[in-house]
Every structure is written in C-alpha cells, then in structure tokens.
Amino acid sequence: MSKDVSNLNLQVNLAFDKVSYKGKDKQQLLFSLTNESDQTLSILKWHTPFDDFKGDMFQVECAGKKAPYLGAVYKRGIPAIGDFLILGPGKTIERAVDFAEHYDMPDAGHYNVQFRQHRMQAGVEEPPMMRKKYGKRKAASVVTVKANAAIFKLDVPLKSKLADGTVSAMMPKAGGPSKKVPTFINCTAAQQTIIKDALAKAVIYAKEANTALKGAPTWARLSARRYKEWYGSYKKSRYNEVTVDYDKIWDALANKQMSFEDKPAETAYAYVYPTQPYKIYLGQAFWAAPLTGTDSKAGAIVHETSHFIVVASTDDHVYGQAGCRALAISNPANATDNADSHEYFAENNPPLTMDALPGTAFVTSALWKNLPAGFQGGFEAALNGGGNFSGKCYFFKGDQYIKYDWAKDKADPGYPKKISDNWHNMPAGFLDHFDAALNGQGSFAGKCYFFKGDSYIRYDWNADRADAGYPKKIGDSWHNLPDGFKSGFNAAINGNGPFAGKCYFFKGNMYVRYDWVADRMDAGYPKKIEDNWHCLPDGYKDNFDAALEGDKQFVTKGYFFKGNNYIRYNWEDDCAEI
Amino acid sequence: MELTFSLNTLDIHISGKPVTVDFTLENATPADLWVLKWYTPFEGIKGKIFDVFCDGIEMEYQGRMVKRAEPRKEDYLLLKSGDSKTVTIDLTEVYPIQACKKCRVTFRGKIFDTAESETEVPRPSEKHQPFSIKGNSLIFPVLPESI
C-alpha cells in the first residue's frame, strides 16, 4: 500500500462576530472551511454548519464547565448526493450560524469553543462514490481536518435556559412520547384536531407492533400468525429488521417534528418524499378513512412514516390487504420492505396474535422409511449407536429391535432381531421391554444406559457388551432424583444446541433435567412437560413411548414417539416443528 | 403478442440539464386494453418506477411515494389493439443524475391492472393482479456541463 494521501488537509476557522457579548445579544459564529490540499475534495455537510445546526457540533466550555447542547439531534441514514459539497484546491467556503440559541451558557466569563472535527467525512472521490463508501461503512476519512478554537466573553450572567424550562421541549426525550406538536400547512382547525388524534393512534400502533414483535418468545416467532400473515415465512434477519422498523417509526412519530400538509386536489390517501422527513401530504382518501382499523388515518400515517429513508425506507411493492397477503407468500423479503404490509401489521385488523401454532404429530411409518411390519409404532425405547455403531439408531419393542441408518434415512434390512442375539452380556430381566434408553455424555461418553422399572444397566459400545455389576437401582446412582422419579421412566433424551450437556427423563406429564457434568439432577425439577416444551400438539404433552436425538442431517432435532406417531422438536428454536 | 414498453432518449445528456426520456406503451395484443396508469409515467413519477445508476452507483429516488385510494376511471389509459402511446418525462426531477460515463436507466415494468372493456373499469384494488411487462433499458453518458 503506497497510496499517496499526502496533503489532504482541510482547515476549519471559527470566528465570532464580537469579542464580547452583553445580555441577550445574538452571537454569530462564522465557520469557514479551506481546502489546503492540491485536489478537489468532496465533503459531507453533516456535522458541519453547512447542514445547519443538526447536532452537537461544538465543544463549549466556560471555566472548565461544559455548556449543554440544546438543539436537535438527527438520526442519520445514508447521505444523499446533495449532502456533499465540493471544494476545489485552495478554495474557502463560509457559513454564519446563530450560536447562542444552541447551547445553555448562563455564566459570565470566557467561553472556549472547539469544533468537533473528527465527525467530518471528506475524500477525493466524487459524491456518488463517497456515498457508496459511506453506505458500506468504509467512510474512514483520509482527509485531515484541523480546526482552531474560538473564544468569546459573556459580560453578564444570564438565566439558564435549561433551568427556566424555556427549551425543554427542544430536548429529545429519552423514553416516553414527547409533547411535540406537529406543524400544519393548509389544514383547518378541525383537520388539525383529526390529525392529532390519528397521530396519537399511530404512535400507539407503532409501539404495539414493536412490542408484539419484541415480546414474542423466539419459539413463537416461527409460526406466529400475525407475523406470517403480513411478512411470510420466518427468517431471523427479516424479523429483526421489521422489529427495528417499528422502533424507528415509533421514534419518528413520538419524538420527531412531524409536519402535515393538506392537498385537497390529491385523490390518494397520502404521499411523502422519502428523502424529506417528517413531512406527510394528505389527500382526499385520508379524510374519508376511519380513524383506526384497516386503511385508516392512523395506519396511513404509519405507512407514510415508514417510507422515510431515515426511518424504515420502505417501498410500495403492492397495495391492499389481498396484495400484501399474496406478497408475504410469494416474496417475504419484499413484504418486509413494503409500506402497506407495515401498515396492516400495525393496524392488526382482523386481529391476529403472535402466539405460536402447535407443532405437528407425524405418522411415523410415513416418514421413517422401510420400517418392518410390527415396528411402525409402539416403540418402548430408542437409542443412537455409539463407537463402531455410530450413525445408526435402534428402536426397541418387546424382546426385539430394529436398526435405522441416519445417513441413508432408512431402516437396515434383516430386522427385527432379538435383543438377546446381538446385545451381549445383558443380565436376566434386561432382554425385553425397556422403559427408556440413553447415551452417556461427558465423562460417561462411550456408555449407554437401559432403564427398566427402578433399575438400569450400563452397556459399553466399544466392548459391545453390558458392563459387569449391573443392574443397579436408579435412585442409588442417578443423584438428586426426587421420590417418584426413581423408576418407571417413559423416555429419556440428551439435550442439544442450547440444551447440550443436559439429559431429560420423562414420566407421565412431568420431566426432570439431569446435568452430566455435575452428575445430578438440576434443582427445581420435576416440572410439567407442557410448561417448558413448546408448541406440543394436543395429545403429545405426556406419556411418550420413546425419545431419540437426531443424528447426521437431523442433528438439530429431537424425536418423541407416541403410539404410531411422533413429534419433531427443534432444539435451536425450542419448539415442536410444524 | 403482449403489452410492452420502450424507452427512448438522446445519445448524450449534459449534467445539470434535464434528462428527458420518452416512455412508450404498445399494445400488441388483439384486444383493446384499458391500462391502469399507476406506476407508469402516464401518471407522472409517483413512486420508484425507475432504477437509475450512474457508473454503477444507484441514484437515490427523491420523488414522492403515494398510498393510493381506489382507482377511478380516469386512472386508466385506453390503448387500442396495435396502438402505442408516448409520454415524456424528465428524470432529473426525481433522480439526482450526475456527470458519468454510463448512466443506466431501467423501468421496473410493473402494471397493476388491465381490462379489455370499458365497463370493467375502474376495478377495485383487491381485484388487481399486477404483472410485469418487458422493454428496453437505456445507457447514455452524462457529460459535465463545461467541456
């Protein structure tokens, strides 16, 4: 890298129109910018007086005390071409600003004013390229900006504007909606009242939409009807985008200076120029619309506000509820970017919830392939193979079992076989009818466990035989289990994804969680299955026959079998799949 | 045999001057068509209907975006079978076109509604079935004002 960036210098010069001021004199600050380099520079006007006073551009101190900034602060999007100014080599450009009104400066004394030049963006590229770089956050400026400090003297103390409350309305509110009154152009008093009502309802719409999206648990987001209706299939990035959109819409409606202009000749509801926040032009259809509900005044305000580039920069891909519903199905990415979709989600009419839909109970033999007759349901236990047997899983029923291949996604031929034929050294009483089976993890990896009544045995995958010294009592070796959970499990499974390192035992409508590292049950159990396992369909909230961790391409799932059916639990989403 | 559009403009444009484009809609179908003017230049530019790139950089749309009411009859354009109609627009009114070697202009080509008989229009928006029409795009240089 030997890019020549020498001599790319901008000099800022600050000068007040007087050395000292008395009382409430206007203070004019002359801001001049000189291009001291030998190339033409493109300079973003933002954070300079060339863009008026739209932020805290100066550090103002009196006797070591910082003077608070009183003016507006703008949330910025991507600059437009017109946000850049072009300055030839050796040229100077000036702008005078009224300074006093923007800072609270009640004390008499000398004020030191410094320009915060580090926020300036400038470069040798032309504005379109500068703009592109800015959009990609590659805006690191190669231009050095130097600035002198300016000093003025205030001869007499003044009332603090902050203390007397005259400027409180100018300050952006941190939390709740401000009392900011919108400005009106060409609106009658009656119209102004109606707009204020609609704006207040629009604020509520945007807040409620944002809260509904934020508040929905992650497992409900995949299937929530209200989201799906307007935005289509769930994708985390799109969901987050929409959530942020409503936050920004709310912020604009509640905290920004909205402006409304009636356009009596316009037949449409309303229009905006997306590059010109926060002004909304109203047409005939707006006045004919109801205050709230579908295609209402409040909804139209949400719609229009979403268009502003600094807000959500939405497009109009389609209009109307029918079109938006179709768009959600055909193109969820565009739906996420469609102003009417935002309006309809916010209006929520007809009302839909962000509740999860129940998962599906699938017919086992329809999706697990090549299951032999008599082994299409009613499993008593299920278990993944370990050691030389990994990549397979086993289903047990009575004194028989079958083997299933995860990668091929079908049952191996030649089964069922008798447990006693191929599982070696199994003690008497453990050759038929297991309650549950489970692989060990952590320091217990390489072993698997078969549970029956109040006893269990341990099997070693590498030795391919049951370890000596078993069966043992469940309650003696599995620690901290409460009475009632020391026998008669229905099913057992290891957690995965966010639940890795734990295993779960199910009995009736209850379950316990066991920690492999601590080698004890976690405190607070047993719990009710349906309270913590989400989206379980009716009839699949208790008395599972068997449970099994998915492997290979199915590793993110856990399977719960009951009768001839099963449900598929997604560990990442923490819900039963649809 | 379909509804198509074409764009025509001068070979060269000058930065700071209007960039006028002729937009033509041609009905090559055997039927007369009532075409909803929404999102076509026949209603002016009331949405992001063009994509404009100057040397690969997208020009920001600076025009209006409209939440529309139900269409009225006058929002439809009658285009008889075999006929074409042309309207001229100035892109610089809504796109800040810069001096560049290659300015590329494409029309998004969405038509919201058409009908074959006058009695069918206007049609409520829930009955609209938007579709895409085909046409050319434009590439031309935009020279600096002083050369």
# chains A, B, ... in the order shown; residues from 1 in each chain; ligands from 1
>>> closest_atom_pairs(of="chain B", to="chain A", cutoff="12 Å", atoms="only C-alpha atoms", output="tab-separated table")
residue	atom	partner	partner_atom	distance
B:Trp38	CA	A:Tyr319	CA	11.2
B:Tyr39	CA	A:Asp316	CA	10.0
B:Ile45	CA	A:Tyr273	CA	11.7
B:Lys46	CA	A:Tyr271	CA	8.8
B:Gly47	CA	A:Asp316	CA	7.7
B:Lys48	CA	A:Asp315	CA	7.7
B:Ile49	CA	A:Asp316	CA	10.1
B:Phe53	CA	A:Pro128	CA	9.9
B:Cys54	CA	A:Pro128	CA	8.1
B:Asp55	CA	A:Pro128	CA	8.9
B:Gly56	CA	A:Pro128	CA	9.3
B:Ile57	CA	A:Pro128	CA	6.3
B:Glu58	CA	A:Pro128	CA	8.2
B:Met59	CA	A:Pro128	CA	8.0
B:Glu60	CA	A:Ala80	CA	6.8
B:Tyr61	CA	A:Thr275	CA	7.9
B:Gln62	CA	A:Thr275	CA	5.8
B:Gly63	CA	A:Tyr273	CA	5.5
B:Arg64	CA	A:Tyr273	CA	4.2
B:Met65	CA	A:Tyr271	CA	5.3
B:Val66	CA	A:Tyr271	CA	4.2
B:Lys67	CA	A:Tyr269	CA	5.4
B:Arg68	CA	A:Ala268	CA	4.5
B:Ala69	CA	A:Ala268	CA	4.8
B:Glu70	CA	A:Ala268	CA	8.1
B:Pro71	CA	A:Ala268	CA	9.0
B:Arg72	CA	A:Thr267	CA	9.4
B:Glu74	CA	A:Thr267	CA	11.7
B:Asp75	CA	A:Thr267	CA	10.8
B:Val94	CA	A:Tyr273	CA	9.8
B:Tyr95	CA	A:Ile81	CA	10.0
B:Pro96	CA	A:Ile81	CA	7.1
B:Ile97	CA	A:Ile81	CA	9.3
B:Gln98	CA	A:Pro128	CA	8.1
B:Ala99	CA	A:Glu126	CA	10.0
B:Cys100	CA	A:Pro128	CA	10.0
B:Arg108	CA	A:His317	CA	10.8
B:Lys110	CA	A:His317	CA	9.4
B:Ile111	CA	A:Val318	CA	10.9
B:Phe112	CA	A:Val318	CA	8.7
B:Asp113	CA	A:Val318	CA	11.9
B:Pro124	CA	A:Gly320	CA	9.8
B:Ser125	CA	A:Gly320	CA	6.7
B:Glu126	CA	A:Ala322	CA	5.7
B:Lys127	CA	A:Ala322	CA	8.4
B:His128	CA	A:Gly323	CA	8.1
B:Gln129	CA	A:Gly323	CA	8.2
B:Pro130	CA	A:Val318	CA	8.3
B:Phe131	CA	A:Val318	CA	11.1
>>> select_by_dssp(residues="chain B", states="helix (DSSP H, G or I)", output="number ranges by chain")
B: 73-75, 91-93, 118-120, 125-127
>>> write_last_selection(atoms="C-alpha atoms", output="CSV table (one decimal), in the first residue's frame")
chain,number,residue,atom,x,y,z
B,73,LYS,CA,-61.9,5.5,-14.4
B,74,GLU,CA,-59.6,8.4,-15.4
B,75,ASP,CA,-56.7,6.5,-13.9
B,91,LEU,CA,-35.7,12.0,-14.8
B,92,THR,CA,-33.7,14.8,-13.1
B,93,GLU,CA,-36.9,15.9,-11.4
B,118,GLU,CA,-64.6,-0.1,-20.6
B,119,THR,CA,-67.4,-1.5,-18.4
B,120,GLU,CA,-64.8,-3.4,-16.3
B,125,SER,CA,-57.5,-2.8,-6.0
B,126,GLU,CA,-58.2,-6.1,-4.3
B,127,LYS,CA,-59.1,-7.5,-7.8
>>> residues_around(residues="stretch 101-105 of chain B", least_positions_apart="4", cutoff="6 Å", atoms="only C-alpha atoms", output="list in words")
Asp51, Val52, Phe53, Cys54, Asp55, Ser137, Leu138, Ile139, Phe140 and Pro141 of chain B
>>> write_last_selection(atoms="N, CA and C atoms", output="PDB file, in the first residue's frame")
ATOM      1  N   ASP B  51     -34.989   2.526 -12.042  1.00  0.00           N
ATOM      2  CA  ASP B  51     -33.711   2.384 -11.360  1.00  0.00           C
ATOM      3  C   ASP B  51     -32.697   3.135 -12.199  1.00  0.00           C
ATOM      4  N   VAL B  52     -31.993   4.064 -11.568  1.00  0.00           N
ATOM      5  CA  VAL B  52     -31.019   4.881 -12.286  1.00  0.00           C
ATOM      6  C   VAL B  52     -29.657   4.701 -11.626  1.00  0.00           C
ATOM      7  N   PHE B  53     -28.697   4.256 -12.420  1.00  0.00           N
ATOM      8  CA  PHE B  53     -27.344   4.062 -11.925  1.00  0.00           C
ATOM      9  C   PHE B  53     -26.382   4.933 -12.718  1.00  0.00           C
ATOM     10  N   CYS B  54     -25.547   5.691 -12.029  1.00  0.00           N
ATOM     11  CA  CYS B  54     -24.501   6.470 -12.691  1.00  0.00           C
ATOM     12  C   CYS B  54     -23.176   5.781 -12.394  1.00  0.00           C
ATOM     13  N   ASP B  55     -22.533   5.257 -13.411  1.00  0.00           N
ATOM     14  CA  ASP B  55     -21.290   4.490 -13.246  1.00  0.00           C
ATOM     15  C   ASP B  55     -21.422   3.481 -12.105  1.00  0.00           C
ATOM     16  N   SER B 137     -33.772  -1.054 -21.738  1.00  0.00           N
ATOM     17  CA  SER B 137     -33.223  -0.093 -20.794  1.00  0.00           C
ATOM     18  C   SER B 137     -32.321   0.859 -21.580  1.00  0.00           C
ATOM     19  N   LEU B 138     -31.937   1.952 -20.941  1.00  0.00           N
ATOM     20  CA  LEU B 138     -31.138   2.981 -21.619  1.00  0.00           C
ATOM     21  C   LEU B 138     -29.754   3.060 -20.986  1.00  0.00           C
ATOM     22  N   ILE B 139     -28.749   3.291 -21.842  1.00  0.00           N
ATOM     23  CA  ILE B 139     -27.417   3.600 -21.319  1.00  0.00           C
ATOM     24  C   ILE B 139     -26.890   4.798 -22.110  1.00  0.00           C
ATOM     25  N   PHE B 140     -26.513   5.830 -21.402  1.00  0.00           N
ATOM     26  CA  PHE B 140     -26.004   7.020 -22.096  1.00  0.00           C
ATOM     27  C   PHE B 140     -25.012   7.734 -21.189  1.00  0.00           C
ATOM     28  N   PRO B 141     -24.101   8.504 -21.803  1.00  0.00           N
ATOM     29  CA  PRO B 141     -23.185   9.283 -20.970  1.00  0.00           C
ATOM     30  C   PRO B 141     -23.839  10.592 -20.539  1.00  0.00           C
TER      31      PRO B 141
END
>>> select_by_dssp(residues="stretch 195-426 of chain A", states="strand (DSSP E or B)", output="MDAnalysis selection string")
chainID A and resid 259:262 270:272 279:282 315 338 362:363 381:384 392:397 400:405 410:411 417:418
>>> atom_distance(atom1="atom CA of A:Asp574", atom2="atom CA of A:Ala523")
20.7 Å
>>> residues_around(residues="B:Thr114", least_positions_apart="3", cutoff="10 Å", atoms="only C-alpha atoms", output="VMD selection string")
chain B and resid 3 32 to 37 76 to 78 111 117 120 to 123 128 to 131
>>> write_last_selection(atoms="N, CA and C atoms", output="compact mmCIF listing (two decimals), in the first residue's frame")
# COMPACT_ATOMS: atom_id res chain seq x y z
N LEU B 3 -48.35 -6.67 -24.11
CA LEU B 3 -48.18 -5.26 -23.79
C LEU B 3 -46.69 -5.04 -23.51
N ASP B 32 -58.37 -4.42 -27.43
CA ASP B 32 -58.17 -3.10 -26.85
C ASP B 32 -57.93 -3.29 -25.35
N LEU B 33 -57.09 -2.45 -24.79
CA LEU B 33 -56.79 -2.61 -23.37
C LEU B 33 -56.96 -1.29 -22.62
N TRP B 34 -57.61 -1.39 -21.46
CA TRP B 34 -57.64 -0.28 -20.51
C TRP B 34 -56.55 -0.57 -19.48
N VAL B 35 -55.53 0.28 -19.48
CA VAL B 35 -54.34 0.02 -18.65
C VAL B 35 -54.33 1.02 -17.49
N LEU B 36 -54.25 0.49 -16.26
CA LEU B 36 -54.16 1.37 -15.09
C LEU B 36 -52.82 2.11 -15.14
N LYS B 37 -52.88 3.43 -15.04
CA LYS B 37 -51.67 4.24 -15.22
C LYS B 37 -50.73 4.20 -14.01
N TYR B 76 -57.25 5.07 -15.82
CA TYR B 76 -56.96 4.08 -16.86
C TYR B 76 -56.69 4.77 -18.19
N LEU B 77 -55.80 4.16 -18.95
CA LEU B 77 -55.41 4.66 -20.27
C LEU B 77 -55.95 3.67 -21.29
N LEU B 78 -56.68 4.18 -22.28
CA LEU B 78 -57.18 3.27 -23.32
C LEU B 78 -56.12 3.12 -24.40
N ILE B 111 -47.23 -3.38 -14.11
CA ILE B 111 -48.55 -2.87 -14.45
C ILE B 111 -49.52 -3.45 -13.43
N SER B 117 -62.50 -4.27 -21.45
CA SER B 117 -63.66 -3.46 -21.82
C SER B 117 -63.86 -2.33 -20.84
N GLU B 120 -65.53 -2.69 -17.40
CA GLU B 120 -64.83 -3.35 -16.28
C GLU B 120 -64.07 -2.37 -15.40
N VAL B 121 -63.83 -1.14 -15.92
CA VAL B 121 -63.01 -0.21 -15.16
C VAL B 121 -63.86 0.91 -14.57
N PRO B 122 -63.47 1.46 -13.41
CA PRO B 122 -62.31 1.08 -12.62
C PRO B 122 -62.57 -0.20 -11.83
N ARG B 123 -61.51 -0.94 -11.56
CA ARG B 123 -61.63 -2.18 -10.82
C ARG B 123 -61.02 -1.97 -9.43
N HIS B 128 -56.95 -6.44 -8.41
CA HIS B 128 -55.80 -6.25 -9.30
C HIS B 128 -54.87 -7.45 -9.24
N GLN B 129 -54.33 -7.79 -10.40
CA GLN B 129 -53.29 -8.81 -10.42
C GLN B 129 -52.10 -8.22 -11.14
N PRO B 130 -51.21 -7.57 -10.38
CA PRO B 130 -50.07 -6.90 -11.01
C PRO B 130 -49.24 -7.89 -11.82
N PHE B 131 -48.73 -7.41 -12.95
CA PHE B 131 -47.85 -8.26 -13.78
C PHE B 131 -46.75 -7.40 -14.36
>>> residues_around(residues="B:Leu10", least_positions_apart="4", cutoff="9 Å", atoms="only C-alpha atoms", output="list in words")
Val19, Thr20, Val21 and Phe140 of chain B
>>> residues_around(residues="A:Leu10", least_positions_apart="5", cutoff="8 Å", atoms="only C-alpha atoms", output="list of chain:residue names")
A:Leu33, A:Thr34, A:Asn35, A:Glu36, A:Ser37, A:Val143, A:Thr144, A:Val145, A:Lys146
>>> closest_residue(among="A:Val19, A:Phe115, A:Ser32, A:Lys403", to="A:Val60", atoms="only C-alpha atoms")
A:Phe115
>>> atom_distance(atom1="atom CA of A:Gly378", atom2="atom CA of A:Trp516")
28.7 Å
>>> residues_around(residues="A:Phe450", least_positions_apart="4", cutoff="7 Å", atoms="only C-alpha atoms", output="JSON, numbers by chain")
{"A": [434, 436, 437, 438, 456, 457, 458]}
>>> atom_distance(atom1="atom CA of A:Phe345", atom2="atom CA of A:Tyr227")
7.4 Å
